[in-house]
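Only one structure is covered here, and it is reproduced in the block below.
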Amino acid sequence: MEIFVFDGTLEGLLTAVFDCYQKKSDAVKLVSQLHYVPDVFKEAFTVISDDTKAKRVWSGLTKKLDSDWMKSIYKSFLSEQPATFQDLFEFIRYIIDSPPGAEANFGNKYVLEISQMSHKVHREKHRMEAFIRFQKTGDNIFYAHIEPDFNVLPLIIDHFKNRYADQKWIIYDLKRKYGLFYDLEKVEEIAFDFTTEMSPALNALPANVLDPQEELYALLWKDYFRSVNIPARKNMKLHIRHVPKRYWKYLSEKQS
Amino acid sequence: MFERIREKLEILADAAKYDVSCSSSGSNRKNENKGLGDAEGTGICHTYTEDGRCVSLLKILLTNHCIYDCAFCVSRRSNDIKRAAFTVDEVVELTMNFYRRNYIEGLFLSSGIFKNADYTMERLVRIVKKLRNEQRFNGYIHLKTIPGASEELLKEAGMYADRMSINLEMPTESGLKLLAPEKSHEDVKKPLDYIQQTITQFSSEKALIKSVPKFVPAGQSTQMVIGATPESDKEIMHTANAFYKNFSLKRVYYSGYIPISQDARLPVIGSQPPLIRENRLYQTDWLMRFYGFDVKEILNDAHPNLDVDIDPKLSWALRNLEKFPVDVNTADYKMIMRVPGIGVASALKIVQARKFGRLHQDQLKKIGISFNKAKHFIRYADSPLQLRDYEAGHIKSVILSESSSKYNKVPKNQLSIF
Ligand code: SF4
């Protein structure tokens, strides 16, 4: 078993695949720099991310996989899970080594893992699209911050850009310390230095930076949520299955 | 200032909530004018009520004043309740501001009938027109068809709405006559038919000329109230089936009656709404639309009502044991879908995966079928040798006992599809 250490990027992961064929390696354990614990008895090979190598692997894959599967690779990668890096590595090797069509083999462990993980990441993306609540600030920017389980910001850009084309907005990932800013023309990545005023526990800005109308609409939305409830049908179990408790902090209607 | 609008929203959202449709999917309206909103693709539930219903649209009545007196409706004229009415601008402002904050996918606008049908419909049209033309709103709009409104108004409404709907209310004409003598199913069929024909006409013109505008791109739906009148499940689902076929409806909704009236013709206030039954009807609806079942296979004279303790797919399988076991490694996709415990997505994975080798139990479990249920109906690569055929009652009791802990823990109104 050889150990490959890569830099945690998709480019690095694809380079690792390339190197593994070049070195004619057999069994490889792929670890990202972040999770790598050096072992004096075992030497590790350090993968140097290489654009050309990565592109060759990627374009090789596009010849065998349709765009949905290519997206699944990207989505699983955004899960940032150590085990998924290994699964991706094995999945890509399996696809390269097999005749076309192998991705339909759900009996294969890695096909199933990647299909299921991309599904999970997709669900988190979908949840963010649903649960983000913008607050309008005094300078006409619609602001929301989130702490998603996976790194889904890159996946939600198009959705929010298409929808909110006529308003400026910011979506900030507090966990990964970067955000998206749409300025009515394009979406840019931004990073702020938040100090203490930002409470990650709740998706809310302090009142003094908000638009004067913000309070009214937050209140009306809460009222609305209460009015549409039908007490005779109450079923909290089902409610929680749809909106797991860890997402409640995003939802202004769930705050008392 | 805050108080008046809050009160209106409370009254008019409360009165609208008995319309259970929440769908915001199926439209193809894109944000092409750099306005607000995009209604393309599948809709999103932005939150869920405490009874687990999806909240995706701002669902309100324009007013709850009504000249009719339908016994099952909270807004009926004889009911002594607070009345309110929004202005056109109030609805527009609420919709825009809720949408901008990512609270909703769009607007579901209905209304009690004040003065007459055309007067009411004309107000509704004015709102959607303003949203689309002045505010450049491209979010989803579901508009109620007011029975009796003129064809000109319906046609105009359809140019701005994504979906339109008109409710059958009661599953049979006699049920409707009992509770709402002023109404009839004919009043519903006429506008459904007119809008359906206009949709067809627009889409055939669209095939020739690209610039033909959209007309109700997400189609039409209807709703029936369940349990207010004594129809059988067979009557309900045969009516639903006929409406799906005759008017190409996108959805039929089944709404378990929530007692809101002292009227002797109706279940008493405080009685439990028929939520399990409602769930079984939805499951049947799914079997018809996605699993290739004919309504007569599930409900017929010999079997006019759905079972309460088991879902309709399992019930069908137990009544048709001679069609089982199904060998997942060789059977037709359509037949695999009919196995209790196997859904559409798993069935698809099975037929893809088996090309690479015969499937075994552990693979089937990983693929995501509910194996404990399905195992009674399938054969697979390593299925145990079975010496004798079990009869339906035995299989049912085994399935129920294996899942009994699960069934008992959930409240009686648990909803889930298979
Ligand atoms: S016409 Fe509609 S709003 Fe009026 S009482 Fe009948 S169901 Fe209710």
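Following the order of the structure tokens, chains are lettered A, B, ..., residues in each are numbered from 1, and ligands are numbered from 1.
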Quiz prompt | Contacts of Leu13 (chain A) at 10 Å (only C-alpha atoms; same-chain gap of 5+ positions) as a VMD selection string | solution = chain A and resid 4 to 8 18 to 19 30 to 32 47 to 50 54 57 77 85 to 86 88 to 89
Atoms kept (N, CA, C and O atoms) for selection, written as a PDB file, in the first residue's frame:
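After the write, again_16.pdb holds the following:
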ATOM      1  N   PHE A   4      -0.332   8.407  -0.896  1.00  0.00           N
ATOM      2  CA  PHE A   4      -0.221   9.617  -1.704  1.00  0.00           C
ATOM      3  C   PHE A   4      -0.782  10.776  -0.887  1.00  0.00           C
ATOM      4  O   PHE A   4      -1.904  10.689  -0.388  1.00  0.00           O
ATOM      5  N   VAL A   5      -0.034  11.847  -0.771  1.00  0.00           N
ATOM      6  CA  VAL A   5      -0.552  13.017  -0.069  1.00  0.00           C
ATOM      7  C   VAL A   5      -0.809  14.112  -1.098  1.00  0.00           C
ATOM      8  O   VAL A   5       0.082  14.450  -1.883  1.00  0.00           O
ATOM      9  N   PHE A   6      -2.040  14.625  -1.127  1.00  0.00           N
ATOM     10  CA  PHE A   6      -2.340  15.693  -2.091  1.00  0.00           C
ATOM     11  C   PHE A   6      -2.820  16.934  -1.358  1.00  0.00           C
ATOM     12  O   PHE A   6      -3.070  16.892  -0.146  1.00  0.00           O
ATOM     13  N   ASP A   7      -2.941  18.035  -2.097  1.00  0.00           N
ATOM     14  CA  ASP A   7      -3.175  19.327  -1.443  1.00  0.00           C
ATOM     15  C   ASP A   7      -4.646  19.618  -1.127  1.00  0.00           C
ATOM     16  O   ASP A   7      -4.984  20.707  -0.678  1.00  0.00           O
ATOM     17  N   GLY A   8      -5.534  18.662  -1.370  1.00  0.00           N
ATOM     18  CA  GLY A   8      -6.941  18.864  -1.007  1.00  0.00           C
ATOM     19  C   GLY A   8      -7.761  19.506  -2.103  1.00  0.00           C
ATOM     20  O   GLY A   8      -8.971  19.700  -1.936  1.00  0.00           O
ATOM     21  N   PHE A  18      -3.408  10.558 -12.162  1.00  0.00           N
ATOM     22  CA  PHE A  18      -2.436  10.520 -13.258  1.00  0.00           C
ATOM     23  C   PHE A  18      -1.125   9.874 -12.780  1.00  0.00           C
ATOM     24  O   PHE A  18      -0.593   8.954 -13.396  1.00  0.00           O
ATOM     25  N   ASP A  19      -0.630  10.363 -11.632  1.00  0.00           N
ATOM     26  CA  ASP A  19       0.638   9.860 -11.100  1.00  0.00           C
ATOM     27  C   ASP A  19       0.574   8.374 -10.808  1.00  0.00           C
ATOM     28  O   ASP A  19       1.545   7.645 -11.003  1.00  0.00           O
ATOM     29  N   LEU A  30      -5.021   7.516  -0.466  1.00  0.00           N
ATOM     30  CA  LEU A  30      -4.948   8.936  -0.795  1.00  0.00           C
ATOM     31  C   LEU A  30      -5.347   9.758   0.426  1.00  0.00           C
ATOM     32  O   LEU A  30      -6.428   9.553   0.983  1.00  0.00           O
ATOM     33  N   VAL A  31      -4.483  10.657   0.839  1.00  0.00           N
ATOM     34  CA  VAL A  31      -4.777  11.496   2.012  1.00  0.00           C
ATOM     35  C   VAL A  31      -4.539  12.957   1.650  1.00  0.00           C
ATOM     36  O   VAL A  31      -3.595  13.270   0.926  1.00  0.00           O
ATOM     37  N   SER A  32      -5.379  13.820   2.165  1.00  0.00           N
ATOM     38  CA  SER A  32      -5.126  15.239   1.913  1.00  0.00           C
ATOM     39  C   SER A  32      -4.147  15.744   2.969  1.00  0.00           C
ATOM     40  O   SER A  32      -4.070  15.215   4.078  1.00  0.00           O
ATOM     41  N   VAL A  47       1.946  14.414  -3.938  1.00  0.00           N
ATOM     42  CA  VAL A  47       1.421  14.750  -5.261  1.00  0.00           C
ATOM     43  C   VAL A  47       1.559  16.249  -5.470  1.00  0.00           C
ATOM     44  O   VAL A  47       1.137  17.035  -4.620  1.00  0.00           O
ATOM     45  N   ILE A  48       2.180  16.666  -6.569  1.00  0.00           N
ATOM     46  CA  ILE A  48       2.262  18.099  -6.872  1.00  0.00           C
ATOM     47  C   ILE A  48       1.182  18.418  -7.890  1.00  0.00           C
ATOM     48  O   ILE A  48       1.239  17.934  -9.029  1.00  0.00           O
ATOM     49  N   SER A  49       0.177  19.192  -7.490  1.00  0.00           N
ATOM     50  CA  SER A  49      -0.931  19.520  -8.402  1.00  0.00           C
ATOM     51  C   SER A  49      -0.402  20.052  -9.724  1.00  0.00           C
ATOM     52  O   SER A  49       0.446  20.937  -9.749  1.00  0.00           O
ATOM     53  N   ASP A  50      -0.946  19.500 -10.795  1.00  0.00           N
ATOM     54  CA  ASP A  50      -0.432  19.854 -12.113  1.00  0.00           C
ATOM     55  C   ASP A  50      -1.619  19.989 -13.052  1.00  0.00           C
ATOM     56  O   ASP A  50      -2.371  19.037 -13.285  1.00  0.00           O
ATOM     57  N   ALA A  54      -4.038  17.054 -14.564  1.00  0.00           N
ATOM     58  CA  ALA A  54      -5.425  17.031 -14.105  1.00  0.00           C
ATOM     59  C   ALA A  54      -6.381  17.114 -15.292  1.00  0.00           C
ATOM     60  O   ALA A  54      -7.370  16.375 -15.368  1.00  0.00           O
ATOM     61  N   VAL A  57      -6.752  13.790 -17.169  1.00  0.00           N
ATOM     62  CA  VAL A  57      -7.628  12.831 -16.492  1.00  0.00           C
ATOM     63  C   VAL A  57      -9.091  13.258 -16.658  1.00  0.00           C
ATOM     64  O   VAL A  57      -9.965  12.459 -16.998  1.00  0.00           O
ATOM     65  N   PHE A  77     -16.699  15.685  -4.458  1.00  0.00           N
ATOM     66  CA  PHE A  77     -15.458  16.327  -4.034  1.00  0.00           C
ATOM     67  C   PHE A  77     -15.748  17.444  -3.025  1.00  0.00           C
ATOM     68  O   PHE A  77     -15.054  17.596  -2.022  1.00  0.00           O
ATOM     69  N   PHE A  85     -12.600  11.299  -0.662  1.00  0.00           N
ATOM     70  CA  PHE A  85     -11.441  11.487  -1.544  1.00  0.00           C
ATOM     71  C   PHE A  85     -10.942  10.128  -2.041  1.00  0.00           C
ATOM     72  O   PHE A  85     -10.656   9.944  -3.218  1.00  0.00           O
ATOM     73  N   GLN A  86     -10.866   9.188  -1.113  1.00  0.00           N
ATOM     74  CA  GLN A  86     -10.428   7.841  -1.496  1.00  0.00           C
ATOM     75  C   GLN A  86     -11.433   7.207  -2.468  1.00  0.00           C
ATOM     76  O   GLN A  86     -11.052   6.638  -3.486  1.00  0.00           O
ATOM     77  N   LEU A  88     -13.448   8.646  -4.506  1.00  0.00           N
ATOM     78  CA  LEU A  88     -13.358   9.299  -5.812  1.00  0.00           C
ATOM     79  C   LEU A  88     -12.167   8.752  -6.601  1.00  0.00           C
ATOM     80  O   LEU A  88     -12.272   8.453  -7.788  1.00  0.00           O
ATOM     81  N   PHE A  89     -11.060   8.629  -5.900  1.00  0.00           N
ATOM     82  CA  PHE A  89      -9.844   8.103  -6.506  1.00  0.00           C
ATOM     83  C   PHE A  89     -10.107   6.711  -7.094  1.00  0.00           C
ATOM     84  O   PHE A  89      -9.797   6.420  -8.250  1.00  0.00           O
TER      85      PHE A  89
END
Quiz item: Within 7 Å of ligand 1, counting only C-alpha atoms and all ligand atoms: which residues, as number ranges by chain?
Solution: B: 64, 66-70, 73-77, 111-113
Exercise. Would you list the contacts of Asn33 (chain B) as a list of chain:residue names, taking every protein, DNA or RNA residue within 10 Å and counting only C-alpha atoms, but skipping same-chain residues closer than 5 positions in sequence?
Key: A:Ala165, A:Asp166, B:Arg136, B:Phe137, B:Asn138
Quiz prompt | For Ser227 (chain A), the nearest of the candidates A:Glu253, A:His159, A:Tyr110, A:Trp58, counting only C-alpha atoms | solution =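 When distances to Ser227 (chain A) are compared using only C-alpha atoms, the smallest one comes from A:Glu253.
Relative to CA of Ser346 (chain B), CA of Asp294 (chain B) is found at 21.3 Å.
The spacing separating CA of Ala16 (chain A) from CA of Asp149 (chain A) amounts to 25.6 Å.
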Rows by chain and residue number, chain A within 6 Å of chain B, shortest pair, only C-alpha atoms, as CSV:
residue,atom,partner,partner_atom,distance
A:Ala104,CA,B:Gln352,CA,5.6
A:Asn105,CA,B:Ala353,CA,4.5
A:Phe106,CA,B:Ala353,CA,5.1
A:Gly107,CA,B:Gln363,CA,5.7
A:Ala130,CA,B:His46,CA,4.5
A:Phe131,CA,B:His46,CA,5.8
A:Arg133,CA,B:Asn102,CA,5.6
A:Phe134,CA,B:Arg101,CA,4.5
A:Arg163,CA,B:Gly37,CA,4.2
A:Tyr164,CA,B:Leu36,CA,5.6
A:Ala165,CA,B:Lys34,CA,5.4
A:Asp166,CA,B:Gly35,CA,5.5
A:Ser227,CA,B:Asp14,CA,5.1
A:Val228,CA,B:Lys17,CA,5.4
A:Asn229,CA,B:Thr49,CA,5.6
A:Arg233,CA,B:Asp51,CA,5.4
A:Lys234,CA,B:Asp51,CA,4.1
A:Asn235,CA,B:Asp51,CA,4.4
A:Met236,CA,B:Glu50,CA,5.6
A:Leu238,CA,B:Gly52,CA,5.2
A:His239,CA,B:Gly52,CA,4.3
